[in-house]
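Q: Structure incoming, see below.
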Amino acid sequence: MLHYADLFKRDYTTGTEGYTLAVALFLSKDEVIRNILPHYKTDAILRKLDLDRYDDREIITTNLIEAYDKLMAFVAKHLPDKFHLEGDERVNLRGLIFMEVVANLLVHREFINEFPSKFIIQNDGVYSENWNRPHGSGLLILEHLSPYPKNPIIAGSFEKLEELMN
C-alpha cells in the first residue's frame with residue numbers, strides 16, 4: 001500500500017530506501033509529526049461576533065487524514081447545510097464544496113514554512129490561507145494562469161489512499 005501510494009521511496013543517489021515526509025503527515029501520531037515538523041498546524045477560526053479575535057477556534061496539529069475530518073467537523077458545526085435536491089435525492093452541498101476546499105488547504109500548503117494554514121469563517125465569507133513560494137513573477141493574468149502542483153506526491157497519495165479506502 002505504501003509503495004502504491006508513493007509513500008515509500010528509494011533515493012537513487014544514495015541507494016537508501018525509506019518513508020517519505022508524506023507518510024509521516026498522513027499516518028503518524030501527533031508526537032512524531034511534532035518531532036519532524038514542530039511548526040505544523042492548521043488554524044480553524046470562526047469570526048462572526050468578535051472580529052478582532054475569534055468566536056471559536058481549533059488548532060489542528062494531527063495527521064492529514066485526521067486534520068481533514070476535524071476541519072470538516074468545524075465546517076459542519078459553523079456553516080449551514082442548505083436543503084438541495086438533485087432529482088429525488090438530497091445533496092449535501094456544504095460537504096461537496098468544502099470537501100474540495102479543505103483537501104486543497106491541507107495538500108497544497110508549504111510544509112517547510114512556519115506560517116500556519118488558516119481556515120477562516122466570517123460573516124462575509126469563508127477564506128483559506130496558505131503561505132506560498134511563488135514560482136514566477138509579474139502580474140497574474142487569469143487567461144494565462146496554469147496550475148502549479150505544490151506537493152504532487154501528497155496530492156497523488158491522497159487520491160490513491162482514497163481509492164484504496166473505497
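Chains: A, B, ... in order of the C-alpha cells. Residues: from 1 per chain. Ligands: from 1, in order shown.
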Excluding same-chain residues fewer than 5 positions from region 21-25 of chain A, what lies within 9 Å of it counting only C-alpha atoms, as a ChimeraX atom specification?
A: /A:2,6-8,32-33,36,62-65,153-154,157
Q: Store the residues of this selection in a file with C-alpha atoms, as a PDB file, in the first residue's frame.
A:
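Just written: part.pdb:
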ATOM      1  CA  LEU A   2       2.803   2.446   0.854  1.00  0.00           C
ATOM      2  CA  ASP A   6       4.333   6.657  -3.343  1.00  0.00           C
ATOM      3  CA  LEU A   7       4.926   6.912   0.408  1.00  0.00           C
ATOM      4  CA  PHE A   8       7.960   4.584   0.450  1.00  0.00           C
ATOM      5  CA  VAL A  32       6.012  12.045  15.560  1.00  0.00           C
ATOM      6  CA  ILE A  33       4.716  14.940  13.462  1.00  0.00           C
ATOM      7  CA  ILE A  36       9.580  16.205  12.380  1.00  0.00           C
ATOM      8  CA  THR A  62      -2.678  15.989  13.809  1.00  0.00           C
ATOM      9  CA  ASN A  63      -2.013  13.917  10.688  1.00  0.00           C
ATOM     10  CA  LEU A  64      -3.621  14.948   7.398  1.00  0.00           C
ATOM     11  CA  ILE A  65      -6.366  12.329   7.495  1.00  0.00           C
ATOM     12  CA  ILE A 153       3.331  13.285  -4.049  1.00  0.00           C
ATOM     13  CA  ILE A 154       0.989  14.225  -1.199  1.00  0.00           C
ATOM     14  CA  SER A 157      -1.081   9.832  -2.351  1.00  0.00           C
TER      15      SER A 157
END
Q: Run DSSP on the backbone of this structure and report the residues of chain A it assigns to helix (DSSP H, G or I), as a count of residues only.
A: 61
Q: List every residue of region 33-85 of chain A that has an atom at most 12 Å from any atom of region 130-134 of chain A, and for each one report the closest atom pair and its distance in Å to one decimal, counting only C-alpha atoms, with rows sorted by chain and then by increasing residue number, as a tab-separated table.
A:
residue	atom	partner	partner_atom	distance
A:Tyr40	CA	A:Asn130	CA	11.8
A:Lys41	CA	A:Asn130	CA	11.1
A:Thr42	CA	A:Asn130	CA	9.4
A:Asp43	CA	A:Asn130	CA	10.6
Q: Have a look at A:Ala5, A:Leu106, A:Leu142, A:Ile121 and name the one nearest to Ile60 (chain A); count only C-alpha atoms.
A: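 Nearest candidate to Ile60 (chain A) out of A:Ala5, A:Leu106, A:Leu142, A:Ile121: A:Leu106.
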Q: Looking at only C-alpha atoms, which of A:His144, A:Phe74, A:Leu79, A:Gly87 is the one that sits closest to Gly125 (chain A)?
A: A:Leu79
Q: Interatomic distance between CA of Asn151 (chain A) and CA of Phe26 (chain A)?
A: 13.1 Å
Q: Apply DSSP to the backbone of this structure and, from chain A, keep only the residues in strand (DSSP E or B); write these as number ranges by chain.
A: A: 8-10, 17-19, 42-47, 56-60, 85-86, 89-90, 117-122, 125-129
Q: So that I can see what lies close to Val102 (chain A), please list as a PyMOL selection string the residues with an atom at most 12 Å from it, counting only C-alpha atoms and leaving out residues fewer than 2 positions away in the same chain.
A: chain A and resi 42-44+64-75+94-100+104-109+117-120+126-130
Q: Any chance you can output those residues with N, CA and C atoms as a tab-separated table (two decimals), in the first residue's frame?
A:
chain	number	residue	atom	x	y	z
A	42	THR	N	-2.77	23.79	11.58
A	42	THR	CA	-3.82	24.43	10.80
A	42	THR	C	-4.76	25.09	11.79
A	43	ASP	N	-5.03	26.36	11.57
A	43	ASP	CA	-5.90	27.15	12.44
A	43	ASP	C	-7.29	27.21	11.82
A	44	ALA	N	-8.30	26.70	12.52
A	44	ALA	CA	-9.69	26.84	12.09
A	44	ALA	C	-10.31	27.93	12.98
A	64	LEU	N	-2.76	14.36	8.43
A	64	LEU	CA	-3.62	14.95	7.40
A	64	LEU	C	-5.00	14.29	7.32
A	65	ILE	N	-5.07	13.01	7.56
A	65	ILE	CA	-6.37	12.33	7.49
A	65	ILE	C	-7.26	12.80	8.64
A	66	GLU	N	-6.70	12.85	9.85
A	66	GLU	CA	-7.48	13.32	11.00
A	66	GLU	C	-7.74	14.82	10.90
A	67	ALA	N	-6.78	15.58	10.35
A	67	ALA	CA	-6.96	17.02	10.18
A	67	ALA	C	-8.13	17.29	9.23
A	68	TYR	N	-8.23	16.50	8.18
A	68	TYR	CA	-9.34	16.64	7.23
A	68	TYR	C	-10.67	16.45	7.97
A	69	ASP	N	-10.77	15.38	8.76
A	69	ASP	CA	-12.00	15.11	9.50
A	69	ASP	C	-12.33	16.23	10.48
A	70	LYS	N	-11.32	16.75	11.17
A	70	LYS	CA	-11.55	17.82	12.15
A	70	LYS	C	-11.99	19.11	11.47
A	71	LEU	N	-11.40	19.43	10.33
A	71	LEU	CA	-11.81	20.64	9.61
A	71	LEU	C	-13.23	20.49	9.06
A	72	MET	N	-13.56	19.32	8.56
A	72	MET	CA	-14.92	19.10	8.06
A	72	MET	C	-15.93	19.17	9.21
A	73	ALA	N	-15.56	18.72	10.39
A	73	ALA	CA	-16.44	18.83	11.56
A	73	ALA	C	-16.62	20.30	11.95
A	74	PHE	N	-15.55	21.10	11.83
A	74	PHE	CA	-15.62	22.54	12.11
A	74	PHE	C	-16.58	23.21	11.12
A	75	VAL	N	-16.49	22.82	9.87
A	75	VAL	CA	-17.39	23.33	8.83
A	75	VAL	C	-18.84	22.98	9.18
A	94	ARG	N	-22.89	21.59	1.18
A	94	ARG	CA	-21.82	22.04	2.08
A	94	ARG	C	-20.67	21.03	2.04
A	95	GLY	N	-21.01	19.75	2.14
A	95	GLY	CA	-19.99	18.71	2.11
A	95	GLY	C	-19.23	18.67	0.80
A	96	LEU	N	-19.94	18.77	-0.30
A	96	LEU	CA	-19.29	18.73	-1.62
A	96	LEU	C	-18.34	19.91	-1.83
A	97	ILE	N	-18.79	21.10	-1.44
A	97	ILE	CA	-17.97	22.30	-1.64
A	97	ILE	C	-16.75	22.27	-0.73
A	98	PHE	N	-16.97	22.01	0.54
A	98	PHE	CA	-15.86	22.13	1.49
A	98	PHE	C	-14.94	20.91	1.51
A	99	MET	N	-15.39	19.80	0.96
A	99	MET	CA	-14.50	18.65	0.79
A	99	MET	C	-13.31	19.08	-0.07
A	100	GLU	N	-13.59	19.81	-1.12
A	100	GLU	CA	-12.54	20.28	-2.03
A	100	GLU	C	-11.69	21.38	-1.38
A	104	ASN	N	-7.73	20.83	-0.46
A	104	ASN	CA	-6.74	21.70	-1.09
A	104	ASN	C	-5.93	22.47	-0.05
A	105	LEU	N	-6.59	22.94	1.01
A	105	LEU	CA	-5.89	23.66	2.07
A	105	LEU	C	-4.80	22.77	2.67
A	106	LEU	N	-5.12	21.52	2.92
A	106	LEU	CA	-4.16	20.62	3.56
A	106	LEU	C	-3.06	20.15	2.61
A	107	VAL	N	-3.44	19.84	1.39
A	107	VAL	CA	-2.48	19.24	0.45
A	107	VAL	C	-1.53	20.27	-0.15
A	108	HIS	N	-2.01	21.49	-0.38
A	108	HIS	CA	-1.21	22.46	-1.11
A	108	HIS	C	-0.52	23.49	-0.22
A	109	ARG	N	-0.21	23.10	0.99
A	109	ARG	CA	0.50	24.02	1.88
A	109	ARG	C	2.00	23.87	1.68
A	117	SER	N	-1.41	27.14	8.16
A	117	SER	CA	-2.57	27.22	7.27
A	117	SER	C	-3.74	27.71	8.09
A	118	LYS	N	-4.62	28.48	7.45
A	118	LYS	CA	-5.77	29.02	8.17
A	118	LYS	C	-7.04	28.77	7.37
A	119	PHE	N	-8.08	28.40	8.11
A	119	PHE	CA	-9.42	28.25	7.56
A	119	PHE	C	-10.29	29.18	8.38
A	120	ILE	N	-10.82	30.23	7.75
A	120	ILE	CA	-11.50	31.30	8.48
A	120	ILE	C	-12.93	31.45	7.98
A	126	VAL	N	-15.98	32.68	3.55
A	126	VAL	CA	-15.04	31.70	4.08
A	126	VAL	C	-13.73	31.88	3.33
A	127	TYR	N	-12.63	31.89	4.08
A	127	TYR	CA	-11.30	32.12	3.50
A	127	TYR	C	-10.36	31.02	3.93
A	128	SER	N	-9.41	30.72	3.06
A	128	SER	CA	-8.32	29.83	3.45
A	128	SER	C	-7.02	30.53	3.11
A	129	GLU	N	-6.02	30.32	3.95
A	129	GLU	CA	-4.72	30.96	3.75
A	129	GLU	C	-3.62	29.90	3.85
A	130	ASN	N	-2.71	29.94	2.93
A	130	ASN	CA	-1.50	29.13	2.96
A	130	ASN	C	-0.34	30.01	2.53
Q: One decimal, Å: what's the distance from CA of Ile112 (chain A) over to CA of Leu51 (chain A), could you say?
A: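 Between these atoms lies a distance of 29.4 Å.
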Q: I'd like the interatomic distance between CA of Lys48 (chain A) and CA of Glu110 (chain A), to a tenth of an Å.
A: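 Interatomic distance, CA of Lys48 (chain A) to CA of Glu110 (chain A): 28.0 Å.
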